[in-house]
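The structure appears right after this line, and notes come after that.
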Amino acid sequence: MMSESVPIIQTVQLVKIYGSGENQVVALDGIDLTIDSGEFVAIMGPSGSGKSTLLNILACLDRPTRGQYILAGEDVSGYKRAQLAEIRSRQLGFVFQSYNLLPRLTALENVLLPLLYRREERLSHTERKEKALAVLESVGLADRAHHYPNQLSGGQQQRVAIARALINDPLLILADEPTGNLDSHASEEIIQLLINLNSRGRTIVMVTHEPDMARHARRVLMIRDGKLASDRKNGHHRETQSLASGEGRSS
Amino acid sequence: MIFGEVLKIAWDSLMANKLRSFLTMLGVIIGVAAVIVMVAISAGTEAAISEAINGLGSNLVFISSAFSRGGPTGGPQTMRGGLVYEDMTAIRERISGVAGVTVEQQTSVTVKYENTSLEDVMMVGATPDFPTVRDVRVEQGRFYNDTELERASKVVVLGKTVAGELFGETDPIGQTVSVNSIKLTVIGVMAEKGLVAGVDFDQQIYVPITLVFKKFMPAQFARIMGDRVRQIIVSVDPDADMDKVIEQITLLLANRHGVTLDSLDFTIRTQADIIATQESTTESFRTLLAWVAGVSLIVGGIGIMNIMLVSVTERTREIGLRQAVGAAPADIQVQFLMEALLLSLVGGLLGILAGIGGAYLFERLGGMRTVVLPYSIGFSFLSAALVGVFFGFLPAKQAADLDPIVALRHE
């Protein structure tokens with residue numbers, strides 16, 4: 001895939017401004033960020049801090065007003081909508097807070113959906129099914145392949161969504177509050193699944209406002225008022241981490 | 001994206017709302033069926049007309065009275081004008097190149113034989129030339145001759161159906177029937193002819209026109225009308241010059257009626273004129289039908305556009321998700337266009353079935369002649385497809401232009 005020396009994500013003075021004139025809102029105000037392959041990064045911050053805007057830009061769903069976003073060595077800042085769609089198809093996988101499974105499709109069909117929009121190395125109908133089944137199995141849902149989303153629990157639905165994010169073998173997985181709609185048990189399951197994926201080399205960027213979830217990430221970014229407020233490594237510094245969670249609760 | 005998958009997604013989403021999809025298609029179904037049925041009816045009418053015209057006999061010239069053309073003297077002119085029986089005999093005797101001349105004076109009568117009685121039978125008063133002029137044959141017995149015409153003999157020739165209904169297996173020749181209580185001798189039965197220009201020749205009976213004047217006119221009516229006839233039909237000899245014959249007839253009749261060529265009290269039309277008139281009638285009829293059908297197709301298209309716009313709004317989140325997992329704007333556009341196209345094509349197919357069925361029903365129940373033309377099927381189906389693409393374009397564009405972030409947040 002990529003050589004180790006090139007970071008997966010590199011942003012240079014990323015600025016996003018909504019509106020114009022008097023009503024102009026600065027959502028991101030010069031973010032410089034580098035994320036390397038194999039990292040598990042949590043982005044935290046109060047609502048309105050710009051963390052969702054940052055994730056949307058990293059996810060190639062939105063474009064920065066100024067600055068550069070270099071994804072795996074490719075500057076995508078000025079890409080058109082169709083080009084961004086192609087990047088999403090080839091390089092990225094998404095996990096949403098509300099799962100966003102299509103209700104009329106089975107788990108299997110939801111998982112193979114991204115394969116339909118792939119531009120290169122297209123697979124046959126059978127190959128698509130086989131691959132989707134394999135990915136479903138890897139998230140422990142092979143026996144639920146032909147169930148519809150409304151026949152699955154929240155945790156199961158989110159696992160289907162993760163399988164969908166994985167099917168194109170993306171460089172990067174972006175998760176937006178992946179446990180936001182789940183009870184603590186299901187949340188634990190999902191976070192363990194993400195940790196497992198990360199331990200097998202997946203790069204994961206996750207937006208969350210739950211310090212309990214951020215605790216599992218190896219690196220935590222705090223966004224405030226569109227600026228990067230702090231950037232800490234987790235794991236080896238338990239005190240820092242508990243401090244961070246204390247900070248999160250008080251705010 | 002793979003064509004088969006686009007088709008499957010489109011099909012599934014139409015099937016998810018079967019009733020709605022069907023109602024949406026209804027406009028197209030009606031439009032396509034209308035095109036097919038209307039073309040079938042107009043083709044059927046045309047076929048019926050051309051058969052009728054061929055059945056009229058050949059090289060015919062129709063001379064009609066031009067009544068109610070109140071001349072300079074007003075009222076009396078109306079009574080004085082018009083054709084009389086002697087005009088017919090004059091043409092017969094003095095114009096060359098004429099194969100036969102007849103009048104056709106219809107009267108509705110009741111015909112009785114023993115205990116059988118037929119009401120509303122059309123009695124035609126004509127001349128012995130009638131079979132020649134109308135190209136009909138006598139099957140049994142004979143037609144009346146010139147002597148019987150002059151003497152106003154009480155003879156009658158029956159149409160095939162009338163003979164069958166009155167006599168069944170019995171031989172009608174020489175039998176006596178009573179027509180409006182007047183006893184007539186049957187001297188012949190016509191061969192089967194069928195419908196000609198809406199008139200069933202087999203349901204008619206034929207008597208000498210002189211007999212009609214003498215016996216079948218109410219006294220007070222006869223005083224006013226005398227021996228007036230509505231129409232004289234001339235069959236021109238195939239070798240003769242039609243225009244020259246018409247010119248001679250015109251001069252002769254103008255002279256007899258004492259009118260100038262500018263103020264004729266009769267009109268002369270040839271078969272060619274009648275064909276032209278009928279063709280232009282069918283033509284404008286067909287144009288009208290084409291417009292009606294076209295409008296219903298457009299209405300169907302608007303229905304498709306409407307429901308597709310609703311569908312785009314309903315499925316905004318789905319569109320956002322598809323974009324998020326890699327669908328390009330073009331993929332989304334193609335998918336919605338395919339749905340619109342599918343609606344119109346399935347509607348078109350159902351419309352073809354409805355159209356063929358409708359044409360059949362019109363023929364069976366409506367008594368109309370219909371001919372389903374293959375071109376109308378192809379044309380209407382193609383129009384339906386075009387309507388689908390045309391009216392699907394705007395909703396598809398709207399779907400493709402959705403911003404994925406906004407679409408994903410849509411509730």
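Chains: A, B, ... in order of the structure tokens. Residues: from 1 per chain. Ligands: from 1, in order shown.
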
*So which bits of stretch 234-401 of chain B end up strand (DSSP E or B) when you DSSP the backbone, as a PyMOL selection string?*
chain B and resi 234-236+266-270

*Residues of chain A near chain B: apply a cut-off of 9 Å, count only C-alpha atoms, and supply the list as a PyMOL selection string.*
chain A and resi 56+59-62+81-90+92-94+100-102+104+113-119+164-165

Expected file: the selected residues, C-alpha atoms, as an mmCIF file, in the first residue's frame:
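Heads up, here's the output in part_9.cif:
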```
data_model
loop_
_atom_site.group_PDB
_atom_site.id
_atom_site.type_symbol
_atom_site.label_atom_id
_atom_site.label_comp_id
_atom_site.auth_asym_id
_atom_site.auth_seq_id
_atom_site.Cartn_x
_atom_site.Cartn_y
_atom_site.Cartn_z
ATOM 1 C CA ASN A 56 -16.517 16.107 7.136
ATOM 2 C CA ALA A 59 -14.042 12.434 5.018
ATOM 3 C CA CYS A 60 -14.002 14.275 1.668
ATOM 4 C CA LEU A 61 -17.675 15.111 2.115
ATOM 5 C CA ASP A 62 -16.847 18.812 2.346
ATOM 6 C CA ARG A 81 -17.579 16.567 -6.262
ATOM 7 C CA ALA A 82 -17.128 13.649 -8.653
ATOM 8 C CA GLN A 83 -13.414 13.406 -7.787
ATOM 9 C CA LEU A 84 -14.183 13.482 -4.076
ATOM 10 C CA ALA A 85 -16.729 10.696 -4.600
ATOM 11 C CA GLU A 86 -14.027 8.643 -6.234
ATOM 12 C CA ILE A 87 -11.646 9.248 -3.279
ATOM 13 C CA ARG A 88 -14.390 8.234 -0.840
ATOM 14 C CA SER A 89 -15.030 5.104 -2.815
ATOM 15 C CA ARG A 90 -11.356 4.129 -3.050
ATOM 16 C CA LEU A 92 -12.386 5.889 2.900
ATOM 17 C CA GLY A 93 -14.854 4.034 5.067
ATOM 18 C CA PHE A 94 -17.528 5.663 7.233
ATOM 19 C CA ASN A 100 -27.446 4.774 8.148
ATOM 20 C CA LEU A 101 -28.286 1.322 6.881
ATOM 21 C CA LEU A 102 -30.799 1.232 4.044
ATOM 22 C CA ARG A 104 -35.039 -2.140 2.424
ATOM 23 C CA LEU A 113 -23.348 -1.369 -1.345
ATOM 24 C CA PRO A 114 -19.961 0.428 -1.643
ATOM 25 C CA LEU A 115 -18.752 -2.255 -4.081
ATOM 26 C CA LEU A 116 -21.447 -1.140 -6.536
ATOM 27 C CA TYR A 117 -19.883 2.300 -6.817
ATOM 28 C CA ARG A 118 -16.306 1.117 -7.160
ATOM 29 C CA ARG A 119 -14.676 2.373 -10.339
ATOM 30 C CA ARG A 164 -19.739 -1.803 5.111
ATOM 31 C CA ALA A 165 -16.952 0.664 5.917
#
```

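Summary of the local environment: counting only C-alpha atoms, residues at most 12 Å from B:Val334, other than itself and those fewer than 5 positions away along its chain, are Met1, Ile2, Phe3, Glu5, Val6, Leu7, Ile9, Ala10, Ala327, Ala328, Pro329, Glu339, Ala340, Leu341, Leu342, Val389, Gly392, Phe393, Leu394, Pro395, Ala396, Lys397, Gln398, Ala399 and Ala400 of chain B.
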
*asked:* List the spatial neighbours of A:Leu141 as a PyMOL selection string - criterion: any atom at most 12 Å away, only C-alpha atoms, same-chain residues fewer than 2 positions off excluded.
replied: chain A and resi 107-108+111+132-139+143-147+152-153+155-163

For the residues selected in the previous step, produce a file with N, CA, C and O atoms as an mmCIF file, in the first residue's frame.
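Everything below was put into out-v8.cif:
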```cif
data_model
loop_
_atom_site.group_PDB
_atom_site.id
_atom_site.type_symbol
_atom_site.label_atom_id
_atom_site.label_comp_id
_atom_site.auth_asym_id
_atom_site.auth_seq_id
_atom_site.Cartn_x
_atom_site.Cartn_y
_atom_site.Cartn_z
ATOM 1 N N ALA A 107 -28.705 -7.112 5.572
ATOM 2 C CA ALA A 107 -27.376 -6.786 6.094
ATOM 3 C C ALA A 107 -26.330 -6.990 5.005
ATOM 4 O O ALA A 107 -25.478 -6.125 4.775
ATOM 5 N N LEU A 108 -26.433 -8.125 4.320
ATOM 6 C CA LEU A 108 -25.455 -8.444 3.269
ATOM 7 C C LEU A 108 -25.477 -7.387 2.160
ATOM 8 O O LEU A 108 -24.431 -6.891 1.741
ATOM 9 N N VAL A 111 -23.890 -4.215 3.223
ATOM 10 C CA VAL A 111 -22.433 -4.301 3.287
ATOM 11 C C VAL A 111 -21.806 -4.178 1.901
ATOM 12 O O VAL A 111 -20.783 -3.525 1.726
ATOM 13 N N ALA A 132 -18.653 -9.692 0.778
ATOM 14 C CA ALA A 132 -19.500 -9.096 1.818
ATOM 15 C C ALA A 132 -19.709 -10.082 2.957
ATOM 16 O O ALA A 132 -19.668 -9.717 4.134
ATOM 17 N N LEU A 133 -19.902 -11.347 2.593
ATOM 18 C CA LEU A 133 -20.108 -12.369 3.609
ATOM 19 C C LEU A 133 -18.857 -12.531 4.477
ATOM 20 O O LEU A 133 -18.950 -12.649 5.709
ATOM 21 N N ALA A 134 -17.701 -12.480 3.817
ATOM 22 C CA ALA A 134 -16.433 -12.605 4.557
ATOM 23 C C ALA A 134 -16.273 -11.454 5.543
ATOM 24 O O ALA A 134 -15.875 -11.647 6.697
ATOM 25 N N VAL A 135 -16.592 -10.245 5.107
ATOM 26 C CA VAL A 135 -16.439 -9.087 5.998
ATOM 27 C C VAL A 135 -17.451 -9.161 7.142
ATOM 28 O O VAL A 135 -17.136 -8.870 8.290
ATOM 29 N N LEU A 136 -18.679 -9.588 6.821
ATOM 30 C CA LEU A 136 -19.688 -9.750 7.871
ATOM 31 C C LEU A 136 -19.218 -10.752 8.913
ATOM 32 O O LEU A 136 -19.423 -10.580 10.113
ATOM 33 N N GLU A 137 -18.573 -11.790 8.432
ATOM 34 C CA GLU A 137 -18.055 -12.815 9.332
ATOM 35 C C GLU A 137 -16.994 -12.216 10.258
ATOM 36 O O GLU A 137 -16.958 -12.511 11.448
ATOM 37 N N SER A 138 -16.170 -11.334 9.695
ATOM 38 C CA SER A 138 -15.094 -10.744 10.490
ATOM 39 C C SER A 138 -15.638 -9.845 11.601
ATOM 40 O O SER A 138 -14.958 -9.592 12.586
ATOM 41 N N VAL A 139 -16.882 -9.350 11.449
ATOM 42 C CA VAL A 139 -17.465 -8.581 12.547
ATOM 43 C C VAL A 139 -18.443 -9.457 13.343
ATOM 44 O O VAL A 139 -19.212 -8.962 14.164
ATOM 45 N N ASP A 143 -24.170 -15.007 10.556
ATOM 46 C CA ASP A 143 -25.481 -15.644 10.663
ATOM 47 C C ASP A 143 -26.644 -14.655 10.534
ATOM 48 O O ASP A 143 -27.796 -15.045 10.513
ATOM 49 N N ARG A 144 -26.325 -13.377 10.463
ATOM 50 C CA ARG A 144 -27.390 -12.375 10.325
ATOM 51 C C ARG A 144 -27.417 -11.748 8.919
ATOM 52 O O ARG A 144 -28.097 -10.762 8.690
ATOM 53 N N ALA A 145 -26.693 -12.380 7.999
ATOM 54 C CA ALA A 145 -26.498 -11.778 6.666
ATOM 55 C C ALA A 145 -27.814 -11.433 5.970
ATOM 56 O O ALA A 145 -27.914 -10.426 5.284
ATOM 57 N N HIS A 146 -28.826 -12.259 6.166
ATOM 58 C CA HIS A 146 -30.064 -12.039 5.409
ATOM 59 C C HIS A 146 -31.156 -11.393 6.235
ATOM 60 O O HIS A 146 -32.323 -11.396 5.850
ATOM 61 N N HIS A 147 -30.755 -10.838 7.394
ATOM 62 C CA HIS A 147 -31.710 -10.094 8.191
ATOM 63 C C HIS A 147 -31.788 -8.656 7.695
ATOM 64 O O HIS A 147 -30.816 -8.124 7.167
ATOM 65 N N LEU A 152 -32.388 -6.310 13.553
ATOM 66 C CA LEU A 152 -31.101 -6.364 14.249
ATOM 67 C C LEU A 152 -31.096 -5.366 15.405
ATOM 68 O O LEU A 152 -31.776 -4.342 15.363
ATOM 69 N N SER A 153 -30.302 -5.679 16.452
ATOM 70 C CA SER A 153 -30.157 -4.743 17.562
ATOM 71 C C SER A 153 -29.277 -3.576 17.124
ATOM 72 O O SER A 153 -28.611 -3.642 16.075
ATOM 73 N N GLY A 155 -26.450 -2.515 18.341
ATOM 74 C CA GLY A 155 -25.049 -2.914 18.257
ATOM 75 C C GLY A 155 -24.770 -3.711 16.991
ATOM 76 O O GLY A 155 -23.752 -3.508 16.318
ATOM 77 N N GLN A 156 -25.727 -4.601 16.648
ATOM 78 C CA GLN A 156 -25.556 -5.401 15.423
ATOM 79 C C GLN A 156 -25.594 -4.516 14.187
ATOM 80 O O GLN A 156 -24.806 -4.686 13.257
ATOM 81 N N GLN A 157 -26.534 -3.547 14.212
ATOM 82 C CA GLN A 157 -26.608 -2.636 13.057
ATOM 83 C C GLN A 157 -25.305 -1.888 12.876
ATOM 84 O O GLN A 157 -24.823 -1.707 11.758
ATOM 85 N N GLN A 158 -24.721 -1.442 14.001
ATOM 86 C CA GLN A 158 -23.478 -0.693 13.882
ATOM 87 C C GLN A 158 -22.348 -1.598 13.384
ATOM 88 O O GLN A 158 -21.472 -1.147 12.649
ATOM 89 N N ARG A 159 -22.402 -2.879 13.770
ATOM 90 C CA ARG A 159 -21.363 -3.786 13.257
ATOM 91 C C ARG A 159 -21.520 -3.994 11.747
ATOM 92 O O ARG A 159 -20.540 -4.095 11.016
ATOM 93 N N VAL A 160 -22.792 -4.059 11.290
ATOM 94 C CA VAL A 160 -23.023 -4.138 9.842
ATOM 95 C C VAL A 160 -22.436 -2.888 9.170
ATOM 96 O O VAL A 160 -21.763 -2.973 8.141
ATOM 97 N N ALA A 161 -22.663 -1.725 9.802
ATOM 98 C CA ALA A 161 -22.150 -0.477 9.226
ATOM 99 C C ALA A 161 -20.624 -0.491 9.180
ATOM 100 O O ALA A 161 -20.016 -0.004 8.219
ATOM 101 N N ILE A 162 -19.999 -1.062 10.199
ATOM 102 C CA ILE A 162 -18.535 -1.147 10.194
ATOM 103 C C ILE A 162 -18.063 -2.092 9.084
ATOM 104 O O ILE A 162 -17.102 -1.808 8.366
ATOM 105 N N ALA A 163 -18.793 -3.201 8.923
ATOM 106 C CA ALA A 163 -18.455 -4.122 7.834
ATOM 107 C C ALA A 163 -18.546 -3.406 6.489
ATOM 108 O O ALA A 163 -17.694 -3.581 5.612
#
```

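Considering only C-alpha atoms, the residue among A:Leu123, A:Leu171, A:Ala72, A:Ala186 positioned nearest to A:Thr34 is A:Ala72.
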
*In Å to one decimal, how far is atom CA of A:Ile43 from atom CA of A:Leu221?*
4.8 Å

*asked:* What parts of stretch 118-170 of chain B does DSSP call alpha helix (DSSP H)? I'd like the answer as a PyMOL selection string.
replied: chain B and resi 130-134+146-151+160-167

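Atom to atom, atom CA of A:Glu127 and atom CA of A:Glu74 stand 29.7 Å apart.
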
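Distances from A:Ile223, A:Leu172, A:Ile70, A:Ile9 to A:Gly201 were compared using only C-alpha atoms, and the smallest one belongs to A:Leu172.
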
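Look at A:Phe96: the protein and nucleic acid residues within 7 Å of it, using only C-alpha atoms and passing over chain neighbours fewer than 6 places away, are Ala175, Asp176, Glu177 and Pro178 of chain A.
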
*Using atom CA of A:Thr179 and atom CA of A:Leu197 as the two end points, give the distance in Å to one decimal.*
15.9 Å

*asked:* When you look at A:Leu28 with a cut-off of 8 Å (counting only C-alpha atoms), what residues show up, excluding the ones that are within fewer than 3 positions of it in the same chain? I need them as a VMD selection string.
replied: chain A and resid 14 to 17 31 50 53 to 54 225 to 227
